[in-house]
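Chemist: Here it is, the structure in full.
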Amino acid sequence: MRANRRFWATATLAALLVALGVVVADVTLLLGGVALGLWLLAAQTAFVSRSGSVTDAEFTLDGEYGQVTVDEPTPVRLRADLASALPFDLTATPDLPANVTRSRAPAVTLPSGDRAAETVFELTTPVVGPKQIGPVEVEFRDRGGFFTGTTTDSTTLTVDVQPRTPERVHVGEGGRPLATLYGDHRTDRAGAGLEPYEVREYAPGDQLSRIDWKATARLDHPHIREYELTRSHETALVVDHRASMGDGPPGETKLDHLREVALGFGAAAADFDDPLGLYAVGDDGATASRDPAAGAEGYATIRRLVRRLEPTEASDPDGADPISPTEARSTAERLGGDDSRFGSTLGPYFEAGETYVRRLRDRPLFRTVQLAHSRLRGGSWLVLLTDDSNPTELREAVKLARRNEQNVVVFLAPSVLYESEVGDPDDAYDRYREFEALRRSLARMDRVSAFEVGPSDRLETVVGRVASGGGRRRSGGAPPARSAPDSRAAPRSTAAAGSDPEGTGAGTGAGARADE
Amino acid sequence: MSERAESAGDIDADGDGRYSPFDRLERRSDRVPELVSVLVAVGGLFLQGGRVGVAAGVLLVALWLFLRVEFVFAAGAVLVAGVGGDPTSLGGVLVVAGLAGLLAVDLWRTWASARPVALFAALFTLVGAGIVAARERVVLHWLGLGVVAAVALASYLLHRYEVFRLDASSGTGPESGPPEHDDGSDRRSEVP
């Protein structure tokens, strides 16, 4: 309880009257001062006796949605109910977390004499995570305005704020979605494990303890039961979040789509307790580097890092995709016979593959893949999530990644699917075919699988129109929507669909993975 | 069920938080009981001071029209002292009753209950009678000091009791730390 200005003004008047009465020896003035003091005391007693009723009040906080996405307004209803009317004006205000903006004052005021009141306000936050609204601070003031009391009601409401996620994620090849679930880590090799693999005849050298006596009795000859060797997949995610990954509408950018795939991998790795690492690629190089490790804490950290990835700003305006060594060599050969000023000027730029390698080493994706590759054991999995903006750099990065018996899975966001407008459908289709050619060229490499990731509705617009005959047909090849996926692209690949266990909201968020 | 941006009951703290002796927000019809009290006080002043008392009464009515009740009461007490009446005379009793009635009416209007009014009346009767009875035997300044100290102590004990009860009901510990401060209208200080 605190005293307000009226209390202090009255108390001062009372003190002045008493002092004046004492000074002039007038008992009337003294009585006046005493009367004012007793009046305040009576008011305070009434306030104290009635304020106990405030603690019986019931406050409720209701949210229309328990889960919202960032920057999405969520209505919250605050209601106050009293068992009986009070002679107080009562105001209830819930505590709001930081970084929350509100549409209006989140307070409900109950005038004296009323028994119920409610208010609805909207909250918006740009920060992901659970947000607790409450407890409710209750302030009440007597109608005379002498005192104000405060108390706290423990009512709270928690709203889970999730990042914006694309709603229709397509993961597939040549316009066809992959729907196979994430697979077990079968090795098709006998060894230590739990799953029975085969029963074979006993051979000299086998341990006697491994004899399967039931099979031996049944087959009338000593037999050994083998168990399948299982092993964990060490996986490194290389997530590109350079400036070009910000293409697309808000919440549905290339990065948003690939983020879903990465989160799917995170969830799958957690399910199988596989070591998982993360390497993020910004315009200036690697922005995050976590070597593969298993454990709930590591998975959570990687999920958090992936969710926080935002497109970086392009720092190299001259960062065009380098040409490949083969192309450089053929150009150099052509320019070698050109004695013109044009040929002699351009010639040195195409002479040495060394220049090319040096340029590639400066490229952020290549550098980061190099880093991730150096941290992985042989036979591990490197999952590369990027777009088709720099095909040469991508191709060389994949070539590097598959060295040392590494397996590579590439998820590519076709730029044509993320433009604000489709434009000329035929042009878009041509560009999609270029992308598809790139994807296939990657998928043809040994131990490399390549998939496209994009908004399914846009894919339908670009590819489906042609596939259904709405557009012109290309000669020399079936439309991608009808083309069979390259059998070598992902021989035993599987992809997970909608596997984000944290409910990030992606209907078909996908992760993908290849079995051995 | 309703929601208001501001409390209509804020008598002392309106939107900008200033307290003024001139703010009287109650409706005129609510002021009829106070008018009766004021007229009783005017009658007492007339009995005590004749025409001077009537003039003082008119001044009191004028002040009542514009000032808050606590200021009307203080001004009335000064006017009574100026007229020079005896509080034990009929006129003095009427003036004191009229002025105390002003305060009682305000209590009744604020709390819509007779209990604080009864408490105030009982306390004032008891303490007032005690002061009047003791003024012959005890020096006036000791009387004043003693009464002020007693009222302040009672107020402080009530405050501590309130703090303890609210903290206990909200599940928090007793108040601690520095005093609260805000930029609002009211001083965030404890009752003495």
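Every chain in the structure tokens has a letter given in the order shown (A, B, ...), and although residue numbers restart at 1 in each chain, ligands are simply numbered from 1 in the order shown.
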What are the residues of chain A lining chain B at 8 Å or less? Count only C-alpha atoms, and put the answer as a ChimeraX atom specification.
Modeler: /A:1-6,10,13-15,17-19,22,25-39,41-46,48,52,55,87,89,108-112,114-119,142-145,150-154
Chemist: For the selection you just gave me, I'd like the residues written to a file as a compact mmCIF listing (two decimals), in the first residue's frame, keeping C-alpha atoms.
Modeler:
# COMPACT_ATOMS: atom_id res chain seq x y z
CA MET A 1 0.00 0.00 0.00
CA ARG A 2 1.23 3.44 -0.76
CA ALA A 3 -0.15 6.82 0.14
CA ASN A 4 -1.15 9.17 -2.64
CA ARG A 5 -0.90 12.92 -2.82
CA ARG A 6 -4.31 13.46 -1.33
CA THR A 10 -4.57 16.10 4.13
CA LEU A 13 -3.27 20.20 6.66
CA ALA A 14 -3.89 18.25 9.86
CA ALA A 15 -0.36 18.85 11.10
CA LEU A 17 -3.88 22.88 12.20
CA VAL A 18 -2.44 21.08 15.21
CA ALA A 19 0.70 23.22 15.13
CA VAL A 22 -0.57 24.72 19.82
CA ALA A 25 -3.22 27.92 22.28
CA ASP A 26 -6.59 27.35 20.58
CA VAL A 27 -8.16 23.95 21.24
CA THR A 28 -10.58 24.38 18.31
CA LEU A 29 -7.73 24.36 15.83
CA LEU A 30 -6.20 21.42 17.64
CA LEU A 31 -9.48 19.55 17.41
CA GLY A 32 -9.67 20.36 13.71
CA GLY A 33 -6.24 18.88 13.08
CA VAL A 34 -7.06 15.82 15.12
CA ALA A 35 -10.33 15.38 13.22
CA LEU A 36 -8.53 15.39 9.92
CA GLY A 37 -5.98 12.86 11.20
CA LEU A 38 -8.69 10.56 12.47
CA TRP A 39 -10.54 10.93 9.19
CA LEU A 41 -7.13 6.84 9.85
CA ALA A 42 -10.74 5.78 9.30
CA ALA A 43 -10.23 5.85 5.52
CA GLN A 44 -7.06 3.79 5.84
CA THR A 45 -8.79 1.24 8.03
CA ALA A 46 -11.56 0.88 5.46
CA VAL A 48 -7.12 -2.22 4.58
CA GLY A 52 -8.36 -8.38 1.31
CA THR A 55 -6.88 -11.31 -3.43
CA PRO A 87 -15.28 -0.01 -3.59
CA ASP A 89 -11.00 0.97 -9.00
CA VAL A 108 -8.17 -4.32 -17.78
CA THR A 109 -9.80 -1.80 -15.47
CA LEU A 110 -12.62 -2.73 -13.17
CA PRO A 111 -14.43 0.35 -11.90
CA SER A 112 -15.65 0.28 -8.34
CA ASP A 114 -18.34 -3.75 -11.18
CA ARG A 115 -17.68 -7.44 -10.83
CA ALA A 116 -16.21 -8.44 -14.15
CA ALA A 117 -14.27 -6.88 -16.97
CA GLU A 118 -12.17 -8.08 -19.83
CA THR A 119 -9.98 -6.73 -22.55
CA ASP A 142 -9.86 3.78 -3.30
CA ARG A 143 -12.38 6.13 -4.83
CA GLY A 144 -11.23 8.89 -2.54
CA GLY A 145 -7.78 8.61 -4.01
CA THR A 150 -0.67 -3.54 -5.38
CA THR A 151 -0.55 -7.28 -5.43
CA THR A 152 0.45 -9.98 -7.88
CA ASP A 153 -1.69 -12.76 -9.28
CA SER A 154 0.25 -15.77 -10.48
Chemist: Got a sec: who's within 9 Å of Thr155 (chain A), counting only C-alpha atoms, leaving out chain neighbours fewer than 6 positions off, as a list in words?
Modeler: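 In the requested format, the answer is Glu58, Phe59, Thr60, Leu61, Pro94, Ile133, Gly134, Pro135 and Val136 of chain A.
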Chemist: One decimal, Å: what's the distance from CA of Tyr65 (chain A) over to CA of Val159 (chain A), could you say?
Modeler: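 We find that CA of Tyr65 (chain A) and CA of Val159 (chain A) lie 7.4 Å from each other.
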Chemist: Which residues come within 12 Å of Pro126 (chain A), counting only C-alpha atoms, excluding same-chain residues fewer than 2 positions away, as number ranges by chain?
Modeler: A: 68-73, 97-101, 123-124, 128-131, 161-164, 308
Chemist: Take the selection from the previous step and output its residues with C-alpha atoms, as a PDB file, in the first residue's frame.
Modeler:
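Writing the result to result.pdb gives the following:
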ATOM      1  CA  VAL A  68       2.243 -18.454 -33.413  1.00  0.00           C
ATOM      2  CA  THR A  69       4.915 -17.457 -35.836  1.00  0.00           C
ATOM      3  CA  VAL A  70       7.161 -14.458 -35.494  1.00  0.00           C
ATOM      4  CA  ASP A  71       5.560 -11.122 -36.300  1.00  0.00           C
ATOM      5  CA  GLU A  72       2.153 -12.738 -36.318  1.00  0.00           C
ATOM      6  CA  PRO A  73      -0.295 -10.931 -34.038  1.00  0.00           C
ATOM      7  CA  PRO A  97       8.231 -10.250 -22.066  1.00  0.00           C
ATOM      8  CA  ALA A  98      10.809  -8.103 -23.757  1.00  0.00           C
ATOM      9  CA  ASN A  99      10.662  -7.616 -27.510  1.00  0.00           C
ATOM     10  CA  VAL A 100       6.899  -7.808 -27.554  1.00  0.00           C
ATOM     11  CA  THR A 101       4.824  -5.101 -29.143  1.00  0.00           C
ATOM     12  CA  LEU A 123       0.835  -9.157 -29.100  1.00  0.00           C
ATOM     13  CA  THR A 124       3.493  -9.391 -31.755  1.00  0.00           C
ATOM     14  CA  VAL A 128      11.401 -17.010 -31.537  1.00  0.00           C
ATOM     15  CA  GLY A 129      10.804 -18.998 -28.379  1.00  0.00           C
ATOM     16  CA  PRO A 130       8.269 -19.427 -25.606  1.00  0.00           C
ATOM     17  CA  LYS A 131       6.896 -16.152 -24.312  1.00  0.00           C
ATOM     18  CA  VAL A 161       6.602 -18.306 -30.993  1.00  0.00           C
ATOM     19  CA  GLN A 162       7.905 -20.242 -33.934  1.00  0.00           C
ATOM     20  CA  PRO A 163       9.925 -19.012 -36.884  1.00  0.00           C
ATOM     21  CA  ARG A 164       8.195 -18.435 -40.169  1.00  0.00           C
ATOM     22  CA  ARG A 308      18.890 -18.260 -36.646  1.00  0.00           C
TER      23      ARG A 308
END
Chemist: Using Å and a single decimal, report how far CA of Met245 (chain A) sits from CA of Ala314 (chain A).
Modeler: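 Answer for the CA of Ala314 (chain A) to CA of Met245 (chain A) separation: 10.6 Å.
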Chemist: What is the distance, in Å and to one decimal place, between CA of Ala267 (chain A) and CA of Tyr299 (chain A)?
Modeler: 7.9 Å
